[in-house]
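Next comes final08.csv, with CSV, N, CA and C atoms and all ligand atoms.
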```csv
chain,number,residue,atom,x,y,z
A,1022,MET,N,-1.8,49.6,-30.1
A,1022,MET,CA,-1.0,48.5,-30.8
A,1022,MET,C,-0.4,47.6,-29.7
A,1023,SER,N,-0.6,46.3,-29.8
A,1023,SER,CA,0.0,45.4,-28.8
A,1023,SER,C,1.4,45.1,-29.1
A,1024,ASN,N,2.1,44.9,-28.1
A,1024,ASN,CA,3.6,44.5,-28.1
A,1024,ASN,C,3.7,43.0,-28.5
A,1025,PRO,N,4.4,42.6,-29.5
A,1025,PRO,CA,4.5,41.2,-29.9
A,1025,PRO,C,5.1,40.4,-28.8
A,1026,ILE,N,6.0,40.9,-28.0
A,1026,ILE,CA,6.6,40.2,-26.9
A,1026,ILE,C,5.6,39.9,-25.9
A,1027,ASP,N,4.7,40.9,-25.6
A,1027,ASP,CA,3.6,40.6,-24.6
A,1027,ASP,C,2.7,39.5,-25.0
A,1028,GLY,N,2.4,39.5,-26.4
A,1028,GLY,CA,1.5,38.4,-26.9
A,1028,GLY,C,2.1,37.1,-26.7
A,1029,GLY,N,3.4,36.9,-27.0
A,1029,GLY,CA,4.1,35.7,-26.8
A,1029,GLY,C,4.1,35.3,-25.4
A,1030,ARG,N,4.4,36.2,-24.5
A,1030,ARG,CA,4.4,36.0,-23.1
A,1030,ARG,C,3.0,35.5,-22.6
A,1031,ARG,N,2.0,36.2,-23.1
A,1031,ARG,CA,0.6,35.8,-22.7
A,1031,ARG,C,0.3,34.4,-23.1
A,1032,LYS,N,0.7,34.0,-24.3
A,1032,LYS,CA,0.5,32.7,-24.8
A,1032,LYS,C,1.2,31.6,-24.0
A,1033,PHE,N,2.5,32.0,-23.6
A,1033,PHE,CA,3.3,31.1,-22.8
A,1033,PHE,C,2.6,30.9,-21.4
A,1034,LEU,N,2.2,32.0,-20.8
A,1034,LEU,CA,1.6,31.9,-19.5
A,1034,LEU,C,0.3,31.1,-19.5
A,1035,LYS,N,-0.5,31.3,-20.6
A,1035,LYS,CA,-1.7,30.6,-20.7
A,1035,LYS,C,-1.5,29.1,-20.9
A,1036,ALA,N,-0.5,28.7,-21.7
A,1036,ALA,CA,-0.2,27.3,-21.9
A,1036,ALA,C,0.4,26.7,-20.6
A,1037,SER,N,1.2,27.5,-19.9
A,1037,SER,CA,1.7,27.0,-18.6
A,1037,SER,C,0.6,26.7,-17.6
A,1038,ALA,N,-0.3,27.6,-17.5
A,1038,ALA,CA,-1.4,27.5,-16.6
A,1038,ALA,C,-2.3,26.3,-16.9
A,1039,MET,N,-2.5,26.1,-18.2
A,1039,MET,CA,-3.3,24.9,-18.6
A,1039,MET,C,-2.5,23.6,-18.3
A,1040,GLY,N,-1.2,23.6,-18.5
A,1040,GLY,CA,-0.4,22.4,-18.1
A,1040,GLY,C,-0.5,22.1,-16.7
A,1041,VAL,N,-0.3,23.1,-15.8
A,1041,VAL,CA,-0.4,23.0,-14.4
A,1041,VAL,C,-1.8,22.5,-14.0
A,1042,ALA,N,-2.8,23.0,-14.6
A,1042,ALA,CA,-4.2,22.6,-14.2
A,1042,ALA,C,-4.4,21.2,-14.6
A,1043,ALA,N,-3.8,20.7,-15.7
A,1043,ALA,CA,-4.0,19.3,-16.2
A,1043,ALA,C,-3.3,18.3,-15.3
A,1044,LEU,N,-2.2,18.7,-14.6
A,1044,LEU,CA,-1.5,17.7,-13.8
A,1044,LEU,C,-2.3,17.0,-12.7
A,1045,PRO,N,-3.0,17.8,-11.8
A,1045,PRO,CA,-3.8,17.2,-10.8
A,1045,PRO,C,-4.8,16.2,-11.4
A,1046,LEU,N,-5.4,16.6,-12.5
A,1046,LEU,CA,-6.4,15.7,-13.1
A,1046,LEU,C,-5.8,14.4,-13.5
A,1047,ALA,N,-4.6,14.5,-14.2
A,1047,ALA,CA,-3.9,13.3,-14.6
A,1047,ALA,C,-3.6,12.4,-13.4
A,1048,THR,N,-3.2,13.0,-12.3
A,1048,THR,CA,-2.8,12.3,-11.1
A,1048,THR,C,-4.1,11.6,-10.5
A,1049,LEU,N,-5.2,12.3,-10.5
A,1049,LEU,CA,-6.4,11.8,-10.0
A,1049,LEU,C,-6.9,10.6,-10.8
A,1050,VAL,N,-6.8,10.7,-12.1
A,1050,VAL,CA,-7.2,9.6,-13.0
A,1050,VAL,C,-6.3,8.4,-12.7
A,1051,HIS,N,-5.0,8.6,-12.6
A,1051,HIS,CA,-4.1,7.5,-12.3
A,1051,HIS,C,-4.4,6.9,-10.9
A,1052,GLN,N,-4.6,7.7,-9.9
A,1052,GLN,CA,-4.9,7.1,-8.6
A,1052,GLN,C,-6.2,6.4,-8.6
A,1053,ARG,N,-7.2,6.8,-9.3
A,1053,ARG,CA,-8.4,6.1,-9.3
A,1053,ARG,C,-8.2,4.8,-10.0
A,1054,THR,N,-7.4,4.7,-11.0
A,1054,THR,CA,-7.1,3.4,-11.7
A,1054,THR,C,-6.4,2.5,-10.7
A,1055,VAL,N,-5.4,3.0,-10.0
A,1055,VAL,CA,-4.7,2.2,-9.0
A,1055,VAL,C,-5.6,1.7,-7.9
A,1056,LYS,N,-6.5,2.6,-7.4
A,1056,LYS,CA,-7.3,2.2,-6.3
A,1056,LYS,C,-8.4,1.2,-6.7
A,1057,ALA,N,-8.7,1.2,-8.0
A,1057,ALA,CA,-9.7,0.2,-8.5
A,1057,ALA,C,-9.1,-1.2,-8.6
A,1058,MET,N,-7.8,-1.3,-8.5
A,1058,MET,CA,-7.1,-2.6,-8.6
A,1058,MET,C,-7.0,-3.2,-7.2
A,1059,PRO,N,-7.7,-4.3,-6.8
A,1059,PRO,CA,-7.5,-4.8,-5.5
A,1059,PRO,C,-6.2,-5.6,-5.4
A,1060,GLN,N,-5.7,-5.7,-4.2
A,1060,GLN,CA,-4.5,-6.5,-4.0
A,1060,GLN,C,-4.8,-8.0,-3.9
A,1061,ALA,N,-4.0,-8.8,-4.6
A,1061,ALA,CA,-4.3,-10.2,-4.7
A,1061,ALA,C,-4.2,-10.8,-3.3
A,1062,GLU,N,-5.0,-11.8,-3.1
A,1062,GLU,CA,-4.9,-12.6,-1.8
A,1062,GLU,C,-4.2,-13.9,-2.2
A,1063,ASP,N,-3.7,-14.6,-1.2
A,1063,ASP,CA,-3.1,-15.9,-1.4
A,1063,ASP,C,-4.1,-16.8,-2.1
A,1064,ASP,N,-3.6,-17.6,-3.0
A,1064,ASP,CA,-4.5,-18.6,-3.8
A,1064,ASP,C,-5.3,-17.9,-4.8
A,1065,HIS,N,-5.0,-16.6,-5.1
A,1065,HIS,CA,-5.7,-15.9,-6.2
A,1065,HIS,C,-5.8,-16.8,-7.5
A,1066,ALA,N,-4.7,-17.3,-7.9
A,1066,ALA,CA,-4.6,-18.2,-9.0
A,1066,ALA,C,-3.2,-18.9,-9.0
A,1067,HIS,N,-3.1,-20.0,-9.6
A,1067,HIS,CA,-1.8,-20.7,-9.7
A,1067,HIS,C,-1.0,-20.8,-8.4
A,1068,ASP,N,-1.7,-21.0,-7.3
A,1068,ASP,CA,-1.0,-21.2,-6.0
A,1068,ASP,C,-0.3,-19.9,-5.6
A,1069,TYR,N,-0.8,-18.7,-6.0
A,1069,TYR,CA,-0.1,-17.5,-5.7
A,1069,TYR,C,-0.1,-17.3,-4.2
A,1070,VAL,N,1.1,-16.7,-3.7
A,1070,VAL,CA,1.2,-16.3,-2.3
A,1070,VAL,C,1.9,-14.9,-2.3
A,1071,ASN,N,1.5,-14.0,-1.4
A,1071,ASN,CA,2.0,-12.7,-1.3
A,1071,ASN,C,3.4,-12.7,-0.8
A,1072,ASP,N,3.8,-13.7,-0.1
A,1072,ASP,CA,5.2,-13.9,0.4
A,1072,ASP,C,5.8,-15.2,-0.1
A,1073,ALA,N,6.8,-15.1,-1.0
A,1073,ALA,CA,7.3,-16.3,-1.6
A,1073,ALA,C,7.8,-17.3,-0.6
A,1074,ALA,N,8.1,-16.8,0.6
A,1074,ALA,CA,8.6,-17.8,1.6
A,1074,ALA,C,7.5,-18.8,2.0
A,1075,ASP,N,6.2,-18.4,1.7
A,1075,ASP,CA,5.1,-19.3,2.0
A,1075,ASP,C,4.8,-20.2,0.8
A,1076,ALA,N,5.5,-20.1,-0.3
A,1076,ALA,CA,5.3,-21.0,-1.4
A,1076,ALA,C,5.5,-22.5,-1.0
A,1077,ASP,N,4.5,-23.3,-1.3
A,1077,ASP,CA,4.6,-24.7,-1.0
A,1077,ASP,C,4.2,-25.4,-2.3
A,1078,HIS,N,5.2,-25.4,-3.2
A,1078,HIS,CA,5.0,-25.8,-4.6
A,1078,HIS,C,6.3,-26.5,-5.1
A,1079,PRO,N,6.2,-27.6,-5.9
A,1079,PRO,CA,7.4,-28.2,-6.4
A,1079,PRO,C,8.2,-27.4,-7.4
A,1080,ARG,N,7.5,-26.4,-8.0
A,1080,ARG,CA,8.2,-25.5,-9.0
A,1080,ARG,C,9.0,-24.4,-8.3
A,1081,TYR,N,8.7,-24.1,-7.1
A,1081,TYR,CA,9.3,-22.9,-6.4
A,1081,TYR,C,10.7,-23.2,-6.1
A,1082,GLU,N,11.6,-22.2,-6.5
A,1082,GLU,CA,13.0,-22.2,-6.1
A,1082,GLU,C,13.3,-20.9,-5.4
A,1083,GLU,N,14.1,-21.0,-4.4
A,1083,GLU,CA,14.5,-19.8,-3.6
A,1083,GLU,C,15.0,-18.7,-4.6
A,1084,GLY,N,14.7,-17.4,-4.3
A,1084,GLY,CA,15.1,-16.3,-5.1
A,1084,GLY,C,14.1,-15.9,-6.2
A,1085,GLN,N,13.1,-16.7,-6.4
A,1085,GLN,CA,12.1,-16.4,-7.4
A,1085,GLN,C,11.0,-15.5,-6.7
A,1086,TYR,N,10.8,-14.4,-7.3
A,1086,TYR,CA,9.8,-13.4,-6.8
A,1086,TYR,C,9.1,-12.8,-8.0
A,1087,CYS,N,7.9,-12.2,-7.7
A,1087,CYS,CA,7.2,-11.5,-8.7
A,1087,CYS,C,8.1,-10.5,-9.4
A,1088,ASP,N,8.9,-9.7,-8.6
A,1088,ASP,CA,9.6,-8.6,-9.2
A,1088,ASP,C,10.8,-9.0,-10.1
A,1089,ASN,N,11.0,-10.4,-10.2
A,1089,ASN,CA,12.0,-10.8,-11.2
A,1089,ASN,C,11.4,-11.8,-12.1
A,1090,CYS,N,10.1,-11.8,-12.3
A,1090,CYS,CA,9.3,-12.6,-13.2
A,1090,CYS,C,9.1,-11.9,-14.5
A,1091,THR,N,9.0,-12.6,-15.5
A,1091,THR,CA,8.8,-11.9,-16.8
A,1091,THR,C,7.5,-11.2,-17.0
A,1092,PHE,N,6.5,-11.7,-16.1
A,1092,PHE,CA,5.2,-11.0,-16.2
A,1092,PHE,C,5.1,-9.8,-15.3
A,1093,TRP,N,6.1,-9.5,-14.5
A,1093,TRP,CA,6.1,-8.3,-13.6
A,1093,TRP,C,6.1,-7.0,-14.5
A,1094,GLU,N,5.1,-6.1,-14.2
A,1094,GLU,CA,5.0,-4.9,-15.0
A,1094,GLU,C,5.5,-3.7,-14.3
A,1095,GLY,N,6.0,-3.9,-13.1
A,1095,GLY,CA,6.6,-2.8,-12.3
A,1095,GLY,C,5.7,-2.4,-11.1
A,1096,GLU,N,6.3,-1.8,-10.1
A,1096,GLU,CA,5.6,-1.4,-8.9
A,1096,GLU,C,4.7,-0.2,-9.1
A,1097,VAL,N,3.5,-0.3,-8.5
A,1097,VAL,CA,2.6,0.8,-8.5
A,1097,VAL,C,2.7,1.6,-7.2
A,1098,GLU,N,2.7,0.9,-6.1
A,1098,GLU,CA,2.8,1.5,-4.8
A,1098,GLU,C,3.1,0.5,-3.7
A,1099,ASN,N,4.0,0.9,-2.8
A,1099,ASN,CA,4.2,0.1,-1.6
A,1099,ASN,C,4.5,-1.4,-1.9
A,1100,GLY,N,5.3,-1.7,-2.9
A,1100,GLY,CA,5.7,-3.0,-3.2
A,1100,GLY,C,4.6,-3.8,-4.0
A,1101,TRP,N,3.5,-3.2,-4.2
A,1101,TRP,CA,2.4,-3.8,-5.0
A,1101,TRP,C,2.6,-3.4,-6.5
A,1102,GLY,N,2.5,-4.3,-7.4
A,1102,GLY,CA,2.6,-4.0,-8.8
A,1102,GLY,C,1.7,-4.7,-9.7
A,1103,GLU,N,1.9,-4.5,-11.0
A,1103,GLU,CA,1.0,-5.1,-12.0
A,1103,GLU,C,1.7,-6.3,-12.6
A,1104,CYS,N,0.9,-7.3,-12.9
A,1104,CYS,CA,1.4,-8.6,-13.5
A,1104,CYS,C,0.6,-8.7,-14.8
A,1105,SER,N,1.3,-9.0,-15.9
A,1105,SER,CA,0.6,-9.1,-17.2
A,1105,SER,C,0.1,-10.5,-17.5
A,1106,HIS,N,0.3,-11.4,-16.6
A,1106,HIS,CA,-0.3,-12.8,-16.9
A,1106,HIS,C,-1.8,-12.6,-16.9
A,1107,PRO,N,-2.5,-13.2,-17.8
A,1107,PRO,CA,-4.0,-13.0,-18.0
A,1107,PRO,C,-4.8,-13.3,-16.7
A,1108,ASP,N,-4.3,-14.2,-15.8
A,1108,ASP,CA,-5.0,-14.5,-14.6
A,1108,ASP,C,-4.8,-13.5,-13.4
A,1109,PHE,N,-3.9,-12.5,-13.7
A,1109,PHE,CA,-3.6,-11.5,-12.7
A,1109,PHE,C,-3.8,-10.1,-13.1
A,1110,THR,N,-4.4,-9.9,-14.3
A,1110,THR,CA,-4.5,-8.5,-14.8
A,1110,THR,C,-5.5,-7.6,-14.0
A,1111,ASP,N,-6.4,-8.3,-13.2
A,1111,ASP,CA,-7.4,-7.5,-12.4
A,1111,ASP,C,-7.0,-7.3,-11.0
A,1112,VAL,N,-5.8,-7.6,-10.6
A,1112,VAL,CA,-5.3,-7.4,-9.3
A,1112,VAL,C,-3.8,-6.9,-9.3
A,1113,LEU,N,-3.4,-6.4,-8.1
A,1113,LEU,CA,-2.0,-6.1,-7.9
A,1113,LEU,C,-1.4,-7.2,-7.2
A,1114,VAL,N,-0.1,-7.5,-7.6
A,1114,VAL,CA,0.6,-8.6,-6.9
A,1114,VAL,C,1.8,-8.0,-6.1
A,1115,LYS,N,2.2,-8.8,-5.1
A,1115,LYS,CA,3.3,-8.3,-4.2
A,1115,LYS,C,4.7,-8.5,-4.9
A,1116,ASP,N,5.6,-7.5,-4.8
A,1116,ASP,CA,6.9,-7.7,-5.4
A,1116,ASP,C,7.6,-9.0,-4.9
A,1117,LYS,N,7.4,-9.3,-3.6
A,1117,LYS,CA,8.1,-10.6,-3.1
A,1117,LYS,C,7.1,-11.7,-3.1
A,1118,GLY,N,6.1,-11.7,-3.9
A,1118,GLY,CA,5.2,-12.8,-4.0
A,1118,GLY,C,5.6,-13.8,-5.0
A,1119,TRP,N,4.8,-14.8,-5.3
A,1119,TRP,CA,5.2,-15.8,-6.2
A,1119,TRP,C,4.0,-16.6,-6.6
A,1120,CYS,N,4.0,-17.2,-7.8
A,1120,CYS,CA,2.9,-18.1,-8.2
A,1120,CYS,C,3.5,-19.2,-9.1
A,1121,GLY,N,2.7,-20.2,-9.4
A,1121,GLY,CA,3.2,-21.4,-10.1
A,1121,GLY,C,3.5,-21.2,-11.6
A,1122,VAL,N,3.1,-20.0,-12.2
A,1122,VAL,CA,3.5,-19.8,-13.5
A,1122,VAL,C,4.7,-18.8,-13.6
A,1123,TYR,N,5.4,-18.7,-12.5
A,1123,TYR,CA,6.6,-17.8,-12.5
A,1123,TYR,C,7.5,-18.2,-13.7
A,1124,ALA,N,8.0,-17.2,-14.4
A,1124,ALA,CA,9.0,-17.4,-15.4
A,1124,ALA,C,10.1,-16.3,-15.3
A,1125,PRO,N,11.3,-16.7,-15.2
A,1125,PRO,CA,12.4,-15.7,-15.0
A,1125,PRO,C,12.5,-14.7,-16.1
A,1126,ALA,N,12.7,-13.5,-15.7
A,1126,ALA,CA,12.7,-12.3,-16.6
A,1126,ALA,C,14.0,-12.4,-17.4
B,1,LIG,S1,3.1,-14.5,-13.1
B,1,LIG,FE1,5.0,-13.8,-12.2
B,1,LIG,S2,4.5,-11.7,-11.5
B,1,LIG,FE2,2.6,-12.7,-12.0
B,1,LIG,S3,1.9,-13.4,-10.0
B,1,LIG,FE3,3.0,-15.1,-11.0
B,1,LIG,S4,5.1,-14.9,-10.2
B,1,LIG,FE4,4.1,-13.0,-9.8
```

Go ahead and express the file in the form of structure tokens.
Ligand code: SF4
Amino acid sequence: MSNPIDGGRRKFLKASAMGVAALPLATLVHQRTVKAMPQAEDDHAHDYVNDAADADHPRYEEGQYCDNCTFWEGEVENGWGECSHPDFTDVLVKDKGWCGVYAPA
């Protein structure tokens, strides 16, 4: 006859092992997604620059950066993040970058 406590413990250990095994897979899938996104180059669209200090545009005002723009979706790694503007969804943009469709968050 099996001990009901052992059965519960066995189920817990099995569920824990499956959870631990799933973590590296989830990390790999996420990293693959991130690596598939190239970093934007200057002039990608709308006079984009990776360094706002290089912005040469009549709309640019000091203090405007991708990371305080309404389209900024958050950093992915090393200051590079996602932008939800349709012309930037296939690239990562720099947190201190800027482009001509900047809109304050
Ligand atoms: S829309 Fe905003 S976050 Fe996207 S590239 Fe332009 S300034 Fe940066």

Any chance you could tabulate, as JSON lines, the residues of chain A at most 6.5 Å from ligand LIG 1 (chain B) with each one's nearest atom pair and distance in Å to one decimal, using all atoms listed in the file, in chain and rising number order?
```
{"residue": "A:Tyr1069", "atom": "CA", "partner": "B:LIG1", "partner_atom": "S3", "distance": 6.3}
{"residue": "A:Tyr1086", "atom": "C", "partner": "B:LIG1", "partner_atom": "S4", "distance": 5.0}
{"residue": "A:Cys1087", "atom": "CA", "partner": "B:LIG1", "partner_atom": "FE4", "distance": 3.6}
{"residue": "A:Asp1088", "atom": "N", "partner": "B:LIG1", "partner_atom": "S2", "distance": 5.6}
{"residue": "A:Cys1090", "atom": "CA", "partner": "B:LIG1", "partner_atom": "FE1", "distance": 4.6}
{"residue": "A:Thr1091", "atom": "N", "partner": "B:LIG1", "partner_atom": "FE1", "distance": 5.3}
{"residue": "A:Phe1092", "atom": "C", "partner": "B:LIG1", "partner_atom": "S2", "distance": 4.3}
{"residue": "A:Trp1093", "atom": "N", "partner": "B:LIG1", "partner_atom": "S2", "distance": 4.0}
{"residue": "A:Glu1094", "atom": "N", "partner": "B:LIG1", "partner_atom": "S2", "distance": 6.2}
{"residue": "A:Glu1103", "atom": "C", "partner": "B:LIG1", "partner_atom": "S2", "distance": 6.2}
{"residue": "A:Cys1104", "atom": "CA", "partner": "B:LIG1", "partner_atom": "FE2", "distance": 4.5}
{"residue": "A:Ser1105", "atom": "N", "partner": "B:LIG1", "partner_atom": "FE2", "distance": 5.5}
{"residue": "A:His1106", "atom": "N", "partner": "B:LIG1", "partner_atom": "FE2", "distance": 5.3}
{"residue": "A:Phe1109", "atom": "CA", "partner": "B:LIG1", "partner_atom": "FE2", "distance": 6.4}
{"residue": "A:Val1114", "atom": "CA", "partner": "B:LIG1", "partner_atom": "S3", "distance": 5.9}
{"residue": "A:Gly1118", "atom": "C", "partner": "B:LIG1", "partner_atom": "FE4", "distance": 5.1}
{"residue": "A:Trp1119", "atom": "CA", "partner": "B:LIG1", "partner_atom": "S4", "distance": 4.1}
{"residue": "A:Cys1120", "atom": "N", "partner": "B:LIG1", "partner_atom": "S4", "distance": 3.5}
{"residue": "A:Gly1121", "atom": "N", "partner": "B:LIG1", "partner_atom": "FE3", "distance": 5.4}
{"residue": "A:Val1122", "atom": "C", "partner": "B:LIG1", "partner_atom": "S1", "distance": 4.6}
{"residue": "A:Tyr1123", "atom": "CA", "partner": "B:LIG1", "partner_atom": "S4", "distance": 4.0}
{"residue": "A:Ala1124", "atom": "N", "partner": "B:LIG1", "partner_atom": "FE1", "distance": 5.0}
```

Gln1060 in chain A surroundings by only C-alpha atoms, 9 Å radius, close-in-sequence under 4 positions cut, as a list in words:
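Returned residues: Trp1101, Gly1102, Asp1111, Val1112, Leu1113, Val1114 and Lys1115 of chain A.
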
Report the distance between CA of Lys1117 in chain A and CA of Gly1100 in chain A in Å, rounded to one decimal place.
8.0 Å

Between atom N of Gly1084 in chain A and atom N of Glu1098 in chain A, distance in Å (one decimal)
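Answer for the atom N of Gly1084 in chain A to atom N of Glu1098 in chain A separation: 22.0 Å.
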
Gap from atom C of Pro1125 in chain A to atom C of Asn1089 in chain A - Å, one decimal
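Interatomic distance here is 5.1 Å.
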
Emit a file covering range 1068-1082 of chain A of the preceding structure with N, CA, C and O atoms, as a PDB file, in the first residue's frame.
```pdb
ATOM      1  N   ASP A1068      14.271  59.654 -40.274  1.00  0.00           N
ATOM      2  CA  ASP A1068      15.506  60.314 -39.825  1.00  0.00           C
ATOM      3  C   ASP A1068      16.022  59.769 -38.491  1.00  0.00           C
ATOM      4  O   ASP A1068      16.639  60.487 -37.694  1.00  0.00           O
ATOM      5  N   TYR A1069      15.756  58.500 -38.233  1.00  0.00           N
ATOM      6  CA  TYR A1069      16.200  57.861 -36.985  1.00  0.00           C
ATOM      7  C   TYR A1069      17.714  57.962 -36.825  1.00  0.00           C
ATOM      8  O   TYR A1069      18.470  57.813 -37.782  1.00  0.00           O
ATOM      9  N   VAL A1070      18.127  58.218 -35.555  1.00  0.00           N
ATOM     10  CA  VAL A1070      19.554  58.170 -35.186  1.00  0.00           C
ATOM     11  C   VAL A1070      19.682  57.389 -33.881  1.00  0.00           C
ATOM     12  O   VAL A1070      18.816  57.483 -33.007  1.00  0.00           O
ATOM     13  N   ASN A1071      20.759  56.629 -33.748  1.00  0.00           N
ATOM     14  CA  ASN A1071      20.983  55.858 -32.528  1.00  0.00           C
ATOM     15  C   ASN A1071      21.380  56.737 -31.354  1.00  0.00           C
ATOM     16  O   ASN A1071      21.262  56.318 -30.201  1.00  0.00           O
ATOM     17  N   ASP A1072      21.880  57.920 -31.655  1.00  0.00           N
ATOM     18  CA  ASP A1072      22.270  58.869 -30.608  1.00  0.00           C
ATOM     19  C   ASP A1072      21.523  60.174 -30.878  1.00  0.00           C
ATOM     20  O   ASP A1072      21.777  60.845 -31.883  1.00  0.00           O
ATOM     21  N   ALA A1073      20.602  60.524 -29.980  1.00  0.00           N
ATOM     22  CA  ALA A1073      19.782  61.721 -30.193  1.00  0.00           C
ATOM     23  C   ALA A1073      20.627  62.973 -30.401  1.00  0.00           C
ATOM     24  O   ALA A1073      20.185  63.918 -31.056  1.00  0.00           O
ATOM     25  N   ALA A1074      21.846  62.974 -29.872  1.00  0.00           N
ATOM     26  CA  ALA A1074      22.721  64.136 -30.053  1.00  0.00           C
ATOM     27  C   ALA A1074      23.046  64.350 -31.532  1.00  0.00           C
ATOM     28  O   ALA A1074      23.432  65.451 -31.925  1.00  0.00           O
ATOM     29  N   ASP A1075      22.883  63.317 -32.333  1.00  0.00           N
ATOM     30  CA  ASP A1075      23.148  63.424 -33.779  1.00  0.00           C
ATOM     31  C   ASP A1075      21.908  63.854 -34.566  1.00  0.00           C
ATOM     32  O   ASP A1075      21.982  63.985 -35.790  1.00  0.00           O
ATOM     33  N   ALA A1076      20.786  64.057 -33.882  1.00  0.00           N
ATOM     34  CA  ALA A1076      19.547  64.427 -34.587  1.00  0.00           C
ATOM     35  C   ALA A1076      19.714  65.795 -35.240  1.00  0.00           C
ATOM     36  O   ALA A1076      20.091  66.766 -34.580  1.00  0.00           O
ATOM     37  N   ASP A1077      19.442  65.832 -36.530  1.00  0.00           N
ATOM     38  CA  ASP A1077      19.524  67.090 -37.278  1.00  0.00           C
ATOM     39  C   ASP A1077      18.151  67.267 -37.929  1.00  0.00           C
ATOM     40  O   ASP A1077      17.960  66.955 -39.101  1.00  0.00           O
ATOM     41  N   HIS A1078      17.197  67.715 -37.101  1.00  0.00           N
ATOM     42  CA  HIS A1078      15.805  67.715 -37.529  1.00  0.00           C
ATOM     43  C   HIS A1078      15.078  68.864 -36.828  1.00  0.00           C
ATOM     44  O   HIS A1078      15.293  69.079 -35.626  1.00  0.00           O
ATOM     45  N   PRO A1079      14.214  69.593 -37.536  1.00  0.00           N
ATOM     46  CA  PRO A1079      13.521  70.721 -36.907  1.00  0.00           C
ATOM     47  C   PRO A1079      12.587  70.324 -35.755  1.00  0.00           C
ATOM     48  O   PRO A1079      12.305  71.129 -34.875  1.00  0.00           O
ATOM     49  N   ARG A1080      12.134  69.073 -35.730  1.00  0.00           N
ATOM     50  CA  ARG A1080      11.232  68.633 -34.655  1.00  0.00           C
ATOM     51  C   ARG A1080      11.979  68.237 -33.386  1.00  0.00           C
ATOM     52  O   ARG A1080      11.380  68.117 -32.313  1.00  0.00           O
ATOM     53  N   TYR A1081      13.263  68.009 -33.514  1.00  0.00           N
ATOM     54  CA  TYR A1081      14.011  67.503 -32.352  1.00  0.00           C
ATOM     55  C   TYR A1081      14.162  68.565 -31.268  1.00  0.00           C
ATOM     56  O   TYR A1081      14.497  69.710 -31.558  1.00  0.00           O
ATOM     57  N   GLU A1082      13.917  68.164 -30.028  1.00  0.00           N
ATOM     58  CA  GLU A1082      14.171  69.019 -28.865  1.00  0.00           C
ATOM     59  C   GLU A1082      14.995  68.232 -27.862  1.00  0.00           C
ATOM     60  O   GLU A1082      14.768  67.030 -27.670  1.00  0.00           O
TER      61      GLU A1082
END
```
